[in-house]
file final01.pdb (PDB, C-alpha atoms and all ligand atoms)
ATOM      1  CA  MET A   1       0.000   0.000   0.000
ATOM      2  CA  ASN A   2       0.991   3.619  -0.589
ATOM      3  CA  LEU A   3      -0.712   5.884   1.920
ATOM      4  CA  THR A   4      -0.955   9.635   2.454
ATOM      5  CA  VAL A   5      -1.045  10.958   6.028
ATOM      6  CA  ALA A   6      -1.889  14.548   6.891
ATOM      7  CA  ILE A   7      -1.579  16.056  10.356
ATOM      8  CA  THR A   8      -3.527  19.307  10.761
ATOM      9  CA  GLY A   9      -3.827  21.877  13.524
ATOM     10  CA  ALA A  10      -6.462  20.149  15.626
ATOM     11  CA  SER A  11      -5.654  18.850  19.080
ATOM     12  CA  GLY A  12      -4.306  15.296  19.103
ATOM     13  CA  ALA A  13      -0.861  15.499  17.518
ATOM     14  CA  ILE A  14       0.077  12.374  19.481
ATOM     15  CA  LEU A  15      -2.419  10.446  17.337
ATOM     16  CA  GLY A  16      -0.703  11.535  14.134
ATOM     17  CA  ARG A  17       2.667  10.602  15.615
ATOM     18  CA  GLU A  18       1.482   7.114  16.559
ATOM     19  CA  LEU A  19      -0.051   6.656  13.098
ATOM     20  CA  LEU A  20       3.252   7.491  11.392
ATOM     21  CA  ARG A  21       5.096   5.087  13.722
ATOM     22  CA  ALA A  22       2.618   2.269  13.067
ATOM     23  CA  LEU A  23       2.919   2.702   9.289
ATOM     24  CA  GLU A  24       6.725   2.766   9.418
ATOM     25  CA  ALA A  25       6.599  -0.576  11.264
ATOM     26  CA  ASP A  26       4.055  -2.167   8.911
ATOM     27  CA  ASP A  27       5.629  -4.272   6.142
ATOM     28  CA  ARG A  28       2.419  -4.160   4.088
ATOM     29  CA  VAL A  29       2.970  -0.432   3.570
ATOM     30  CA  ALA A  30       5.589   0.482   0.966
ATOM     31  CA  ARG A  31       5.468   4.268   1.009
ATOM     32  CA  VAL A  32       3.924   6.985   3.187
ATOM     33  CA  HIS A  33       3.601  10.592   2.028
ATOM     34  CA  PHE A  34       3.324  12.795   5.102
ATOM     35  CA  VAL A  35       1.991  16.355   4.939
ATOM     36  CA  PRO A  36       1.892  18.485   8.096
ATOM     37  CA  SER A  37      -0.183  21.667   7.786
ATOM     38  CA  GLU A  38       1.466  24.954   8.810
ATOM     39  CA  ASN A  39      -0.859  25.201  11.792
ATOM     40  CA  SER A  40      -0.115  21.659  12.923
ATOM     41  CA  LEU A  41       3.408  22.827  13.745
ATOM     42  CA  ARG A  42       2.024  25.140  16.406
ATOM     43  CA  VAL A  43      -0.039  22.343  17.944
ATOM     44  CA  MET A  44       2.900  19.917  17.821
ATOM     45  CA  ALA A  45       4.934  22.495  19.727
ATOM     46  CA  GLU A  46       2.205  22.797  22.376
ATOM     47  CA  GLU A  47       1.388  19.121  22.694
ATOM     48  CA  LEU A  48       4.588  17.245  21.840
ATOM     49  CA  GLY A  49       7.240  19.866  22.595
ATOM     50  CA  LEU A  50       8.471  19.733  18.975
ATOM     51  CA  SER A  51       9.426  23.010  17.363
ATOM     52  CA  GLY A  52      10.136  23.857  13.722
ATOM     53  CA  ARG A  53      10.058  21.946  10.491
ATOM     54  CA  ASN A  54      13.687  20.748  10.571
ATOM     55  CA  ASN A  55      13.924  17.000  11.164
ATOM     56  CA  LEU A  56      10.241  16.997  12.111
ATOM     57  CA  LEU A  57       9.645  13.549  10.657
ATOM     58  CA  GLU A  58      12.613  12.010  12.437
ATOM     59  CA  LYS A  59      11.542  13.646  15.695
ATOM     60  CA  LEU A  60       8.021  12.266  15.303
ATOM     61  CA  LEU A  61       9.232   8.765  14.427
ATOM     62  CA  GLY A  62      12.022   8.749  17.006
ATOM     63  CA  ALA A  63      14.303   7.315  14.285
ATOM     64  CA  PRO A  64      15.292   8.088  10.669
ATOM     65  CA  ALA A  65      12.427   7.434   8.255
ATOM     66  CA  LYS A  66      12.708   4.328   6.083
ATOM     67  CA  LYS A  67       9.637   4.683   3.902
ATOM     68  CA  THR A  68       7.980   7.974   4.905
ATOM     69  CA  VAL A  69       8.636  11.190   2.989
ATOM     70  CA  GLN A  70       7.541  14.636   4.167
ATOM     71  CA  LEU A  71       5.911  17.086   1.740
ATOM     72  CA  ALA A  72       5.114  20.780   2.226
ATOM     73  CA  ASP A  73       1.443  21.760   2.344
ATOM     74  CA  ASN A  74       2.048  24.471  -0.272
ATOM     75  CA  ASP A  75       3.648  22.001  -2.715
ATOM     76  CA  ILE A  76       0.623  21.597  -4.962
ATOM     77  CA  GLY A  77       2.867  20.004  -7.616
ATOM     78  CA  ALA A  78       3.699  16.997  -5.425
ATOM     79  CA  SER A  79       2.920  13.480  -6.707
ATOM     80  CA  ILE A  80      -0.084  13.006  -4.410
ATOM     81  CA  ALA A  81      -1.772  16.065  -5.993
ATOM     82  CA  SER A  82      -2.464  13.934  -9.088
ATOM     83  CA  GLY A  83      -4.890  11.052  -9.536
ATOM     84  CA  SER A  84      -2.223   9.316 -11.631
ATOM     85  CA  HIS A  85      -0.220   8.691  -8.441
ATOM     86  CA  PRO A  86      -0.963   5.117  -7.307
ATOM     87  CA  SER A  87      -2.269   5.900  -3.826
ATOM     88  CA  SER A  88      -4.169   3.394  -1.705
ATOM     89  CA  GLY A  89      -5.859   6.070   0.400
ATOM     90  CA  MET A  90      -5.429   9.012   2.742
ATOM     91  CA  ILE A  91      -5.822   9.567   6.473
ATOM     92  CA  VAL A  92      -6.125  13.009   8.073
ATOM     93  CA  LEU A  93      -5.333  12.595  11.780
ATOM     94  CA  PRO A  94      -6.170  14.824  13.520
ATOM     95  CA  CYS A  95      -8.439  16.735  11.109
ATOM     96  CA  SER A  96      -9.273  20.326  12.063
ATOM     97  CA  MET A  97     -12.617  21.927  11.303
ATOM     98  CA  GLY A  98     -10.799  24.253   8.905
ATOM     99  CA  THR A  99      -9.351  21.390   6.862
ATOM    100  CA  LEU A 100     -12.690  19.552   7.025
ATOM    101  CA  ALA A 101     -14.344  22.656   5.534
ATOM    102  CA  ALA A 102     -11.753  22.943   2.756
ATOM    103  CA  ILE A 103     -12.217  19.275   1.852
ATOM    104  CA  ALA A 104     -16.015  19.351   2.094
ATOM    105  CA  LEU A 105     -16.171  22.384  -0.212
ATOM    106  CA  GLY A 106     -13.550  21.083  -2.643
ATOM    107  CA  LEU A 107     -11.282  24.117  -2.240
ATOM    108  CA  ALA A 108      -8.138  22.128  -3.152
ATOM    109  CA  ASP A 109      -6.055  25.191  -2.223
ATOM    110  CA  SER A 110      -3.352  23.339  -0.271
ATOM    111  CA  LEU A 111      -1.654  19.988  -0.834
ATOM    112  CA  ILE A 112      -3.718  18.412   1.951
ATOM    113  CA  ALA A 113      -7.025  19.669   0.521
ATOM    114  CA  ARG A 114      -5.987  18.810  -3.047
ATOM    115  CA  ALA A 115      -4.779  15.298  -2.155
ATOM    116  CA  ALA A 116      -8.069  14.696  -0.313
ATOM    117  CA  ASP A 117     -10.003  16.013  -3.333
ATOM    118  CA  VAL A 118      -8.073  13.634  -5.600
ATOM    119  CA  THR A 119      -8.652  10.731  -3.196
ATOM    120  CA  LEU A 120     -12.403  11.335  -3.376
ATOM    121  CA  LYS A 121     -12.549  11.766  -7.148
ATOM    122  CA  GLU A 122     -10.577   8.543  -7.638
ATOM    123  CA  ARG A 123     -12.970   6.786  -5.241
ATOM    124  CA  ARG A 124     -10.161   5.819  -2.861
ATOM    125  CA  PRO A 125     -10.564   5.615   0.923
ATOM    126  CA  LEU A 126     -10.368   8.988   2.681
ATOM    127  CA  ILE A 127     -10.493   8.877   6.483
ATOM    128  CA  LEU A 128     -11.100  12.184   8.253
ATOM    129  CA  CYS A 129     -10.368  11.928  11.973
ATOM    130  CA  VAL A 130     -12.152  15.129  12.911
ATOM    131  CA  ARG A 131     -11.537  16.703  16.327
ATOM    132  CA  GLU A 132     -13.574  19.455  17.909
ATOM    133  CA  THR A 133     -16.071  19.700  20.710
ATOM    134  CA  PRO A 134     -18.832  20.696  20.711
ATOM    135  CA  PHE A 135     -19.692  20.777  16.988
ATOM    136  CA  ASN A 136     -21.547  23.725  15.511
ATOM    137  CA  ARG A 137     -23.977  23.325  12.633
ATOM    138  CA  ILE A 138     -21.294  24.277  10.082
ATOM    139  CA  HIS A 139     -19.073  21.445  11.321
ATOM    140  CA  LEU A 140     -21.987  19.004  11.175
ATOM    141  CA  ARG A 141     -22.963  20.095   7.656
ATOM    142  CA  ASN A 142     -19.374  19.820   6.434
ATOM    143  CA  MET A 143     -19.074  16.326   7.883
ATOM    144  CA  THR A 144     -22.238  15.345   6.023
ATOM    145  CA  LEU A 145     -20.955  16.885   2.782
ATOM    146  CA  ALA A 146     -17.629  15.047   3.065
ATOM    147  CA  ALA A 147     -19.363  11.768   3.954
ATOM    148  CA  GLU A 148     -21.731  12.133   0.990
ATOM    149  CA  ALA A 149     -18.690  12.623  -1.266
ATOM    150  CA  GLY A 150     -17.253   9.329  -0.032
ATOM    151  CA  ALA A 151     -15.117  10.216   2.998
ATOM    152  CA  THR A 152     -15.298   8.246   6.228
ATOM    153  CA  ILE A 153     -15.844  10.526   9.214
ATOM    154  CA  PHE A 154     -13.804   8.826  11.935
ATOM    155  CA  PRO A 155     -13.984  11.214  14.896
ATOM    156  CA  VAL A 156     -11.262  11.298  17.522
ATOM    157  CA  ILE A 157     -13.333   9.524  20.146
ATOM    158  CA  PRO A 158     -11.062   7.009  21.872
ATOM    159  CA  ALA A 159     -12.295   3.867  23.614
ATOM    160  CA  PHE A 160     -12.194   3.458  27.385
ATOM    161  CA  TYR A 161     -13.340  -0.155  27.728
ATOM    162  CA  ASN A 162      -9.792  -1.338  26.973
ATOM    163  CA  GLN A 163      -8.594   0.574  30.073
ATOM    164  CA  PRO A 164      -5.587   2.306  28.441
ATOM    165  CA  ALA A 165      -2.773   2.953  30.923
ATOM    166  CA  ASP A 166      -1.832   6.327  29.439
ATOM    167  CA  SER A 167      -2.448   8.713  26.545
ATOM    168  CA  THR A 168       0.123   6.965  24.322
ATOM    169  CA  GLU A 169      -1.664   3.634  24.703
ATOM    170  CA  MET A 170      -4.980   5.358  24.081
ATOM    171  CA  ALA A 171      -3.534   6.919  20.904
ATOM    172  CA  ARG A 172      -2.097   3.564  19.767
ATOM    173  CA  GLN A 173      -5.419   1.821  20.169
ATOM    174  CA  PHE A 174      -7.203   4.595  18.275
ATOM    175  CA  VAL A 175      -4.672   4.214  15.443
ATOM    176  CA  CYS A 176      -5.291   0.438  15.466
ATOM    177  CA  ARG A 177      -8.979   1.123  14.820
ATOM    178  CA  VAL A 178      -8.201   3.544  11.980
ATOM    179  CA  LEU A 179      -5.791   1.120  10.293
ATOM    180  CA  GLY A 180      -8.128  -1.817  10.880
ATOM    181  CA  HIS A 181     -10.753   0.164   8.961
ATOM    182  CA  LEU A 182      -8.326   0.258   6.014
ATOM    183  CA  GLY A 183      -7.754  -3.504   6.213
ATOM    184  CA  LEU A 184      -4.441  -3.167   8.065
ATOM    185  CA  ALA A 185      -5.153  -5.124  11.257
ATOM    186  CA  GLN A 186      -2.427  -4.264  13.771
ATOM    187  CA  PRO A 187      -0.527  -6.458  16.234
ATOM    188  CA  GLY A 188      -1.486  -5.433  19.765
ATOM    189  CA  ALA A 189      -4.922  -4.163  18.767
ATOM    190  CA  TYR A 190      -7.406  -4.598  21.584
ATOM    191  CA  VAL A 191     -10.307  -6.874  20.658
ATOM    192  CA  TRP A 192     -13.397  -6.886  22.855
ATOM    193  CA  LYS A 193     -14.157 -10.355  24.181
ATOM    194  CA  ALA A 194     -17.607 -10.674  25.601
ATOM    195  CA  ASP A 195     -18.357 -13.290  28.309
ATOM    196  CA  GLU A 196     -20.117 -15.731  25.955
TER     197      GLU A 196
HETATM  198  C1  LIG B   1      -3.305  24.171  20.777
HETATM  199  C2  LIG B   1      -4.340  24.276  19.692
HETATM  200  C3  LIG B   1      -5.347  23.346  19.637
HETATM  201  C4  LIG B   1      -6.334  23.407  18.634
HETATM  202  N1  LIG B   1      -7.301  22.439  18.612
HETATM  203  C5  LIG B   1      -8.204  22.435  17.594
HETATM  204  C6  LIG B   1      -9.148  21.371  17.491
HETATM  205  O1  LIG B   1      -9.184  20.441  18.295
HETATM  206  N2  LIG B   1      -9.987  21.371  16.430
HETATM  207  C7  LIG B   1      -9.952  22.357  15.467
HETATM  208  O2  LIG B   1     -10.742  22.290  14.518
HETATM  209  N3  LIG B   1      -9.077  23.390  15.567
HETATM  210  C8  LIG B   1      -8.192  23.441  16.591
HETATM  211  N4  LIG B   1      -7.268  24.470  16.684
HETATM  212  C9  LIG B   1      -7.351  25.562  15.701
HETATM  213  C10 LIG B   1      -6.702  25.214  14.392
HETATM  214  O3  LIG B   1      -5.305  25.015  14.568
HETATM  215  C11 LIG B   1      -6.931  26.375  13.397
HETATM  216  O4  LIG B   1      -8.315  26.482  13.086
HETATM  217  C12 LIG B   1      -6.122  26.250  12.136
HETATM  218  O5  LIG B   1      -6.463  27.313  11.260
HETATM  219  C13 LIG B   1      -6.334  24.934  11.411
HETATM  220  O6  LIG B   1      -5.532  24.953  10.245
HETATM  221  P1  LIG B   1      -5.174  23.644   9.417
HETATM  222  O7  LIG B   1      -6.450  22.896   9.222
HETATM  223  O8  LIG B   1      -4.621  24.148   8.124
HETATM  224  O9  LIG B   1      -4.173  22.883  10.180
HETATM  225  C14 LIG B   1      -6.290  24.451  17.679
HETATM  226  C15 LIG B   1      -5.256  25.390  17.744
HETATM  227  C16 LIG B   1      -4.298  25.313  18.733
HETATM  228  C17 LIG B   1      -3.196  26.327  18.769
END
call {"tool": "encode", "arguments": {"input": "final01.pdb", "output": "structure tokens"}}
result
Amino acid sequence: MNLTVAITGASGAILGRELLRALEADDRVARVHFVPSENSLRVMAEELGLSGRNNLLEKLLGAPAKKTVQLADNDIGASIASGSHPSSGMIVLPCSMGTLAAIALGLADSLIARAADVTLKERRPLILCVRETPFNRIHLRNMTLAAEAGATIFPVIPAFYNQPADSTEMARQFVCRVLGHLGLAQPGAYVWKADE
């Protein structure tokens, strides 16, 4: 699989970090194109203590990247901006309300919005892990628009029944659910076992 991952300026940068780490470790994934939005850098500084664009990917992965390449959000000439690029799908985690709006309205004015637009027009999986609370009616309408265009709205609502020990484990389990949805079942994914 060749996947595109965008991290935008919503809260939950740890989720994007754990997604990138899971994909780097997954042999079924050949290539990951990673696009951080400008505003995600601010949130990563607040939430992960990472500052600047230099070596961002290596800092997020905790090791040099083997298969992940970072692209700038203003690089609208990147490979993933074209439907001819053989992509298997795109995940936006976390997805801000601003990026949701751009995708829902087809603005295609940044690499993230354009790559999402292409993913939808090529009928490939697009997973939008939206994060905001509470939602206003604009957010709700945009989620409906994006879902009607083929996106999966996969809100950042973690599970508690698996009793995660900390926020990293909670993030990992959320990522397991996202990747499971794409057919990439993960080792260590919690599976509910009812008393039957
Ligand atoms: C610390 C921090 C947390 C934020 N959390 C959210 C959030 O959870 N959801 C959201 O839609 N916007 C959130 N924002 C606002 C977005 O960063 C802002 O709307 C930005 O324009 C989104 O741009 P982007 O979609 O291009 O990344 C947050 C901003 C900061 C600084």
call {"tool": "closest_residue", "arguments": {"input": "final01.pdb", "among": "A:Val175, A:Ala81, A:Leu100, A:Val43", "to": "Gly16 in chain A", "atoms": "all atoms listed in the file"}}
result
A:Val175
call {"tool": "residues_near_ligand", "arguments": {"input": "final01.pdb", "ligand": "ligand LIG 1 (chain B)", "cutoff": "10 Å", "atoms": "only C-alpha atoms and all ligand atoms", "output": "JSON, numbers by chain"}}
result
{"A": [6, 7, 8, 9, 10, 11, 12, 13, 36, 37, 38, 39, 40, 41, 42, 43, 44, 45, 46, 47, 73, 92, 94, 95, 96, 97, 98, 99, 100, 101, 102, 110, 112, 113, 130, 131, 132, 133, 134, 135, 139, 156]}
call {"tool": "resolve_selection", "arguments": {"input": "final01.pdb", "expression": "the PyMOL selection byres (((chain A and resi 22) around 9) and not hetatm)", "output": "number ranges by chain"}}
result
A: 17-21, 23-26, 172, 175-176, 179, 186
call {"tool": "residues_around", "arguments": {"input": "final01.pdb", "residues": "Val69 in chain A", "least_positions_apart": "2", "cutoff": "7 Å", "atoms": "all atoms listed in the file", "output": "VMD selection string"}}
result
chain A and resid 32 to 34 67 71
call {"tool": "resolve_selection", "arguments": {"input": "final01.pdb", "expression": "the PyMOL selection byres (((chain A and resi 153) around 9) and not hetatm)", "output": "JSON, numbers by chain"}}
result
{"A": [126, 127, 128, 129, 130, 143, 144, 146, 147, 151, 152, 154, 155]}
call {"tool": "atom_distance", "arguments": {"input": "final01.pdb", "atom1": "CA of Asp75 in chain A", "atom2": "CA of Glu58 in chain A"}}
result
20.2 Å
call {"tool": "resolve_selection", "arguments": {"input": "final01.pdb", "expression": "the PyMOL selection byres (((chain A and resi 161) around 12) and not hetatm)", "output": "short mmCIF file (atom, residue, chain, number, x, y, z; two decimals) with C-alpha atoms, in the frame of the given file"}}
result
data_model
loop_
_atom_site.label_atom_id
_atom_site.label_comp_id
_atom_site.auth_asym_id
_atom_site.auth_seq_id
_atom_site.Cartn_x
_atom_site.Cartn_y
_atom_site.Cartn_z
CA PRO A 158 -11.06 7.01 21.87
CA ALA A 159 -12.30 3.87 23.61
CA PHE A 160 -12.19 3.46 27.38
CA ASN A 162 -9.79 -1.34 26.97
CA GLN A 163 -8.59 0.57 30.07
CA PRO A 164 -5.59 2.31 28.44
CA ALA A 165 -2.77 2.95 30.92
CA MET A 170 -4.98 5.36 24.08
CA GLN A 173 -5.42 1.82 20.17
CA TYR A 190 -7.41 -4.60 21.58
CA VAL A 191 -10.31 -6.87 20.66
CA TRP A 192 -13.40 -6.89 22.86
CA LYS A 193 -14.16 -10.36 24.18
CA ALA A 194 -17.61 -10.67 25.60
#
call {"tool": "axis_aligned_box", "arguments": {"input": "final01.pdb", "around": "range 162-170 of chain A", "padding_each_side": "8 Å", "output": "AutoDock Vina command-line options"}}
result
--center_x -4.8 --center_y 3.7 --center_z 27.5 --size_x 25.9 --size_y 26.1 --size_z 22.8
call {"tool": "closest_residue", "arguments": {"input": "final01.pdb", "among": "A:Asn55, A:Thr119, A:Asn142, A:Thr168", "to": "Ile91 in chain A", "atoms": "all atoms listed in the file"}}
result
A:Thr119
call {"tool": "atom_distance", "arguments": {"input": "final01.pdb", "atom1": "CA of Ile80 in chain A", "atom2": "CA of Leu105 in chain A"}}
result
19.1 Å
call {"tool": "atom_distance", "arguments": {"input": "final01.pdb", "atom1": "CA of Val5 in chain A", "atom2": "CA of Ala149 in chain A"}}
result
19.2 Å
call {"tool": "closest_residue", "arguments": {"input": "final01.pdb", "among": "A:Thr68, A:Ser167, A:Ser88, A:Asn136", "to": "Leu182 in chain A", "atoms": "all atoms listed in the file"}}
result
A:Ser88
